[in-house]
Amino acid sequence: MNESTEVIQELLESIGVDKNYRTEALTLLEKGESRYLRDLKLNFTSTLTSAHLSTKECALLGLSTAVNNNNTPLTVFFTNYAQEQGADAAEVAEAVGCASLLASNNVFYRFRHFTQKEKYTQIPARIRMQLMMKPVTGKEFFELMSLAISAVNGCEMCVNAHEDSLIKLSTTEERIFDAVRIASLVTSAGKVIF
């Protein structure tokens with residue numbers, strides 16, 4: 001067994017996937033004995049903890065990102081990880097709901113931003129967002145998840161709005177940065193494990 005195979009198996013086992021599972025992308029990395037595999041494993045491992053976020057927050061951010069990216073193995077992993085870190089069913093559901101709500105918001109507000117037409121800002125959005133009003137995870141953390149998902153989805157308007165809200169809530173820039181870092185690395189892992 002070569003080193004690439006060992007690294008893949010360690011990564012897969014750490015997320016609860018059979019060590020023999022392969023996607024076409026994983027197979028290509030394995031056949032090429034890519035040095036990137038070690039980076040991928042270390043990057044993914046770094047999503048589980050943070051100096052600025054609790055492990056439960058890391059898990060919920062990972063879950064929301066995995067759901068946003070339609071990634072079943074990572075959704076299952078982060079659901080279990082969140083529960084192990086003390087997340088209850090309502091908090092898990094909120095992370096899932098955040099991904100779904102932000103998917104609509106990011107498309108809608110990106111459209112408004114791209115077109116730059118005043119008329120579109122005057123027409124009511126008619127998107128229900130009650131989930132944002134009194135989130136069970138707290139206003140600050142829900143804004144943090146919203147920012148991370150908006151960054152993944154590439155909505156400049158939403159990223160700026162959520163970052164502004166977080167700064168007004170006295171969130172540190174390190175906390176904001178780590179949330180986006182985690183979302184980016186979960187997205188990265190999901191490109192080869194899906």
# chains A, B, ... in the order shown; residues from 1 in each chain; ligands from 1
>>> residues_around(residues="A:Leu53", least_positions_apart="3", cutoff="8 Å", atoms="only C-alpha atoms", output="PyMOL selection string")
chain A and resi 49-50+57-58+175+178-179
>>> atom_distance(atom1="atom CA of A:Lys139", atom2="atom CA of A:Ala99")
15.4 Å
>>> residues_around(residues="stretch 35-47 of chain A", least_positions_apart="6", cutoff="12 Å", atoms="only C-alpha atoms", output="PDB file with C-alpha atoms, in the first residue's frame")
ATOM      1  CA  ASN A   2       1.446   3.388  -0.981  1.00  0.00           C
ATOM      2  CA  GLU A   3       1.389   6.508   1.201  1.00  0.00           C
ATOM      3  CA  SER A   4      -1.437   8.103  -0.815  1.00  0.00           C
ATOM      4  CA  THR A   5      -3.701   5.126  -0.160  1.00  0.00           C
ATOM      5  CA  GLU A   6      -2.894   5.263   3.552  1.00  0.00           C
ATOM      6  CA  VAL A   7      -3.702   8.983   3.780  1.00  0.00           C
ATOM      7  CA  ILE A   8      -6.994   8.511   1.919  1.00  0.00           C
ATOM      8  CA  GLN A   9      -7.956   5.634   4.179  1.00  0.00           C
ATOM      9  CA  GLU A  10      -7.118   7.633   7.318  1.00  0.00           C
ATOM     10  CA  LEU A  11      -9.172  10.593   6.078  1.00  0.00           C
ATOM     11  CA  LEU A  12     -12.140   8.437   5.112  1.00  0.00           C
ATOM     12  CA  GLU A  13     -12.091   6.536   8.394  1.00  0.00           C
ATOM     13  CA  SER A  14     -11.929   9.806  10.346  1.00  0.00           C
ATOM     14  CA  ILE A  15     -15.200  10.929   8.755  1.00  0.00           C
ATOM     15  CA  ALA A  25     -11.432  12.565  -7.894  1.00  0.00           C
ATOM     16  CA  LEU A  26     -10.003  10.548  -4.982  1.00  0.00           C
ATOM     17  CA  THR A  27      -8.903   7.828  -7.394  1.00  0.00           C
ATOM     18  CA  LEU A  28      -7.066  10.343  -9.570  1.00  0.00           C
ATOM     19  CA  LEU A  29      -5.272  11.809  -6.541  1.00  0.00           C
ATOM     20  CA  LEU A  53     -14.993  29.139  17.934  1.00  0.00           C
ATOM     21  CA  SER A  54     -16.263  26.371  20.176  1.00  0.00           C
ATOM     22  CA  THR A  55     -16.100  22.821  18.827  1.00  0.00           C
ATOM     23  CA  LYS A  56     -19.915  22.825  18.651  1.00  0.00           C
ATOM     24  CA  GLU A  57     -19.792  25.986  16.534  1.00  0.00           C
ATOM     25  CA  CYS A  58     -17.152  24.412  14.266  1.00  0.00           C
ATOM     26  CA  ALA A  59     -19.388  21.371  13.848  1.00  0.00           C
ATOM     27  CA  LEU A  60     -22.500  23.430  13.068  1.00  0.00           C
ATOM     28  CA  LEU A  61     -20.583  25.558  10.558  1.00  0.00           C
ATOM     29  CA  GLY A  62     -19.304  22.367   8.933  1.00  0.00           C
ATOM     30  CA  LEU A  63     -22.820  20.944   8.839  1.00  0.00           C
ATOM     31  CA  THR A  65     -21.616  24.137   4.674  1.00  0.00           C
ATOM     32  CA  LEU A  74     -19.906  15.328   5.136  1.00  0.00           C
ATOM     33  CA  PHE A  77     -20.217  13.370   9.597  1.00  0.00           C
ATOM     34  CA  PHE A  78     -20.884  16.929  10.793  1.00  0.00           C
ATOM     35  CA  TYR A  81     -19.904  15.599  15.263  1.00  0.00           C
ATOM     36  CA  ASP A 178     -12.249  31.344  11.186  1.00  0.00           C
ATOM     37  CA  ALA A 179     -15.891  30.749  10.258  1.00  0.00           C
ATOM     38  CA  VAL A 180     -15.147  31.488   6.600  1.00  0.00           C
ATOM     39  CA  ARG A 181     -11.939  29.428   6.762  1.00  0.00           C
ATOM     40  CA  ILE A 182     -13.892  26.410   8.037  1.00  0.00           C
ATOM     41  CA  ALA A 183     -16.550  26.799   5.334  1.00  0.00           C
ATOM     42  CA  SER A 184     -13.853  27.043   2.657  1.00  0.00           C
ATOM     43  CA  LEU A 185     -12.098  23.891   3.849  1.00  0.00           C
ATOM     44  CA  VAL A 186     -15.310  21.875   4.142  1.00  0.00           C
ATOM     45  CA  THR A 187     -16.108  22.966   0.577  1.00  0.00           C
ATOM     46  CA  SER A 188     -12.632  21.890  -0.503  1.00  0.00           C
ATOM     47  CA  ALA A 189     -12.972  18.413   1.046  1.00  0.00           C
ATOM     48  CA  GLY A 190     -16.362  18.070  -0.580  1.00  0.00           C
ATOM     49  CA  LYS A 191     -14.839  18.369  -4.032  1.00  0.00           C
ATOM     50  CA  VAL A 192     -13.232  14.935  -3.645  1.00  0.00           C
ATOM     51  CA  ILE A 193     -15.470  13.247  -1.022  1.00  0.00           C
TER      52      ILE A 193
END
>>> closest_residue(among="A:Val136, A:Ala161, A:Leu131, A:Ala51", to="A:Ala87", atoms="only C-alpha atoms")
A:Val136
>>> closest_residue(among="A:Lys134, A:His52, A:Lys168, A:Arg110", to="A:Asn153", atoms="only C-alpha atoms")
A:Arg110
>>> atom_distance(atom1="atom CA of A:Asn106", atom2="atom CA of A:Thr171")
22.0 Å
>>> residues_around(residues="A:Ser100", least_positions_apart="6", cutoff="12 Å", atoms="only C-alpha atoms", output="MDAnalysis selection string")
chainID A and resid 63:70 93:94 106:107 127:129 131 145:146 149:150 153
>>> decode(residues="stretch 10-87 of chain A", atoms="C-alpha atoms", output="PDB file, in the first residue's frame")
ATOM      1  CA  GLU A  10      -7.118   7.633   7.318  1.00  0.00           C
ATOM      2  CA  LEU A  11      -9.172  10.593   6.078  1.00  0.00           C
ATOM      3  CA  LEU A  12     -12.140   8.437   5.112  1.00  0.00           C
ATOM      4  CA  GLU A  13     -12.091   6.536   8.394  1.00  0.00           C
ATOM      5  CA  SER A  14     -11.929   9.806  10.346  1.00  0.00           C
ATOM      6  CA  ILE A  15     -15.200  10.929   8.755  1.00  0.00           C
ATOM      7  CA  GLY A  16     -16.864   7.543   9.140  1.00  0.00           C
ATOM      8  CA  VAL A  17     -16.711   6.483   5.494  1.00  0.00           C
ATOM      9  CA  ASP A  18     -15.512   3.028   4.468  1.00  0.00           C
ATOM     10  CA  LYS A  19     -11.772   3.182   3.802  1.00  0.00           C
ATOM     11  CA  ASN A  20     -12.263   1.594   0.373  1.00  0.00           C
ATOM     12  CA  TYR A  21     -14.755   4.266  -0.767  1.00  0.00           C
ATOM     13  CA  ARG A  22     -13.533   6.191  -3.794  1.00  0.00           C
ATOM     14  CA  THR A  23     -14.823   8.961  -5.990  1.00  0.00           C
ATOM     15  CA  GLU A  24     -13.243   9.554  -9.372  1.00  0.00           C
ATOM     16  CA  ALA A  25     -11.432  12.565  -7.894  1.00  0.00           C
ATOM     17  CA  LEU A  26     -10.003  10.548  -4.982  1.00  0.00           C
ATOM     18  CA  THR A  27      -8.903   7.828  -7.394  1.00  0.00           C
ATOM     19  CA  LEU A  28      -7.066  10.343  -9.570  1.00  0.00           C
ATOM     20  CA  LEU A  29      -5.272  11.809  -6.541  1.00  0.00           C
ATOM     21  CA  GLU A  30      -4.401   8.316  -5.346  1.00  0.00           C
ATOM     22  CA  LYS A  31      -3.098   7.116  -8.722  1.00  0.00           C
ATOM     23  CA  GLY A  32      -0.972  10.237  -9.045  1.00  0.00           C
ATOM     24  CA  GLU A  33       0.321   9.768  -5.496  1.00  0.00           C
ATOM     25  CA  SER A  34      -0.508  13.422  -4.984  1.00  0.00           C
ATOM     26  CA  ARG A  35       1.195  15.264  -2.145  1.00  0.00           C
ATOM     27  CA  TYR A  36      -2.026  17.249  -1.875  1.00  0.00           C
ATOM     28  CA  LEU A  37      -3.722  14.350  -0.086  1.00  0.00           C
ATOM     29  CA  ARG A  38      -1.791  15.057   3.112  1.00  0.00           C
ATOM     30  CA  ASP A  39      -2.781  18.744   2.886  1.00  0.00           C
ATOM     31  CA  LEU A  40      -6.403  17.741   2.314  1.00  0.00           C
ATOM     32  CA  LYS A  41      -6.380  15.543   5.403  1.00  0.00           C
ATOM     33  CA  LEU A  42      -4.717  18.205   7.578  1.00  0.00           C
ATOM     34  CA  ASN A  43      -6.983  20.948   6.225  1.00  0.00           C
ATOM     35  CA  PHE A  44     -10.086  18.889   6.944  1.00  0.00           C
ATOM     36  CA  THR A  45      -8.882  18.062  10.447  1.00  0.00           C
ATOM     37  CA  SER A  46      -8.393  21.779  11.085  1.00  0.00           C
ATOM     38  CA  THR A  47     -12.145  22.359  10.554  1.00  0.00           C
ATOM     39  CA  LEU A  48     -12.915  20.506  13.785  1.00  0.00           C
ATOM     40  CA  THR A  49     -11.370  22.995  16.208  1.00  0.00           C
ATOM     41  CA  SER A  50     -10.632  26.697  16.409  1.00  0.00           C
ATOM     42  CA  ALA A  51      -9.037  29.117  18.821  1.00  0.00           C
ATOM     43  CA  HIS A  52     -11.997  31.483  18.255  1.00  0.00           C
ATOM     44  CA  LEU A  53     -14.993  29.139  17.934  1.00  0.00           C
ATOM     45  CA  SER A  54     -16.263  26.371  20.176  1.00  0.00           C
ATOM     46  CA  THR A  55     -16.100  22.821  18.827  1.00  0.00           C
ATOM     47  CA  LYS A  56     -19.915  22.825  18.651  1.00  0.00           C
ATOM     48  CA  GLU A  57     -19.792  25.986  16.534  1.00  0.00           C
ATOM     49  CA  CYS A  58     -17.152  24.412  14.266  1.00  0.00           C
ATOM     50  CA  ALA A  59     -19.388  21.371  13.848  1.00  0.00           C
ATOM     51  CA  LEU A  60     -22.500  23.430  13.068  1.00  0.00           C
ATOM     52  CA  LEU A  61     -20.583  25.558  10.558  1.00  0.00           C
ATOM     53  CA  GLY A  62     -19.304  22.367   8.933  1.00  0.00           C
ATOM     54  CA  LEU A  63     -22.820  20.944   8.839  1.00  0.00           C
ATOM     55  CA  SER A  64     -24.358  24.062   7.321  1.00  0.00           C
ATOM     56  CA  THR A  65     -21.616  24.137   4.674  1.00  0.00           C
ATOM     57  CA  ALA A  66     -21.968  20.433   3.873  1.00  0.00           C
ATOM     58  CA  VAL A  67     -25.747  20.815   3.464  1.00  0.00           C
ATOM     59  CA  ASN A  68     -25.247  23.929   1.332  1.00  0.00           C
ATOM     60  CA  ASN A  69     -22.930  21.901  -0.895  1.00  0.00           C
ATOM     61  CA  ASN A  70     -25.293  18.887  -1.133  1.00  0.00           C
ATOM     62  CA  ASN A  71     -22.608  16.658   0.350  1.00  0.00           C
ATOM     63  CA  THR A  72     -24.098  13.564   1.999  1.00  0.00           C
ATOM     64  CA  PRO A  73     -20.969  12.010   3.599  1.00  0.00           C
ATOM     65  CA  LEU A  74     -19.906  15.328   5.136  1.00  0.00           C
ATOM     66  CA  THR A  75     -23.480  16.145   6.216  1.00  0.00           C
ATOM     67  CA  VAL A  76     -23.657  12.830   8.079  1.00  0.00           C
ATOM     68  CA  PHE A  77     -20.217  13.370   9.597  1.00  0.00           C
ATOM     69  CA  PHE A  78     -20.884  16.929  10.793  1.00  0.00           C
ATOM     70  CA  THR A  79     -24.354  16.017  12.105  1.00  0.00           C
ATOM     71  CA  ASN A  80     -22.785  13.331  14.276  1.00  0.00           C
ATOM     72  CA  TYR A  81     -19.904  15.599  15.263  1.00  0.00           C
ATOM     73  CA  ALA A  82     -22.290  18.424  16.228  1.00  0.00           C
ATOM     74  CA  GLN A  83     -24.332  16.055  18.383  1.00  0.00           C
ATOM     75  CA  GLU A  84     -21.150  14.747  20.038  1.00  0.00           C
ATOM     76  CA  GLN A  85     -20.259  18.372  20.828  1.00  0.00           C
ATOM     77  CA  GLY A  86     -23.615  18.969  22.528  1.00  0.00           C
ATOM     78  CA  ALA A  87     -25.764  20.346  19.703  1.00  0.00           C
TER      79      ALA A  87
END
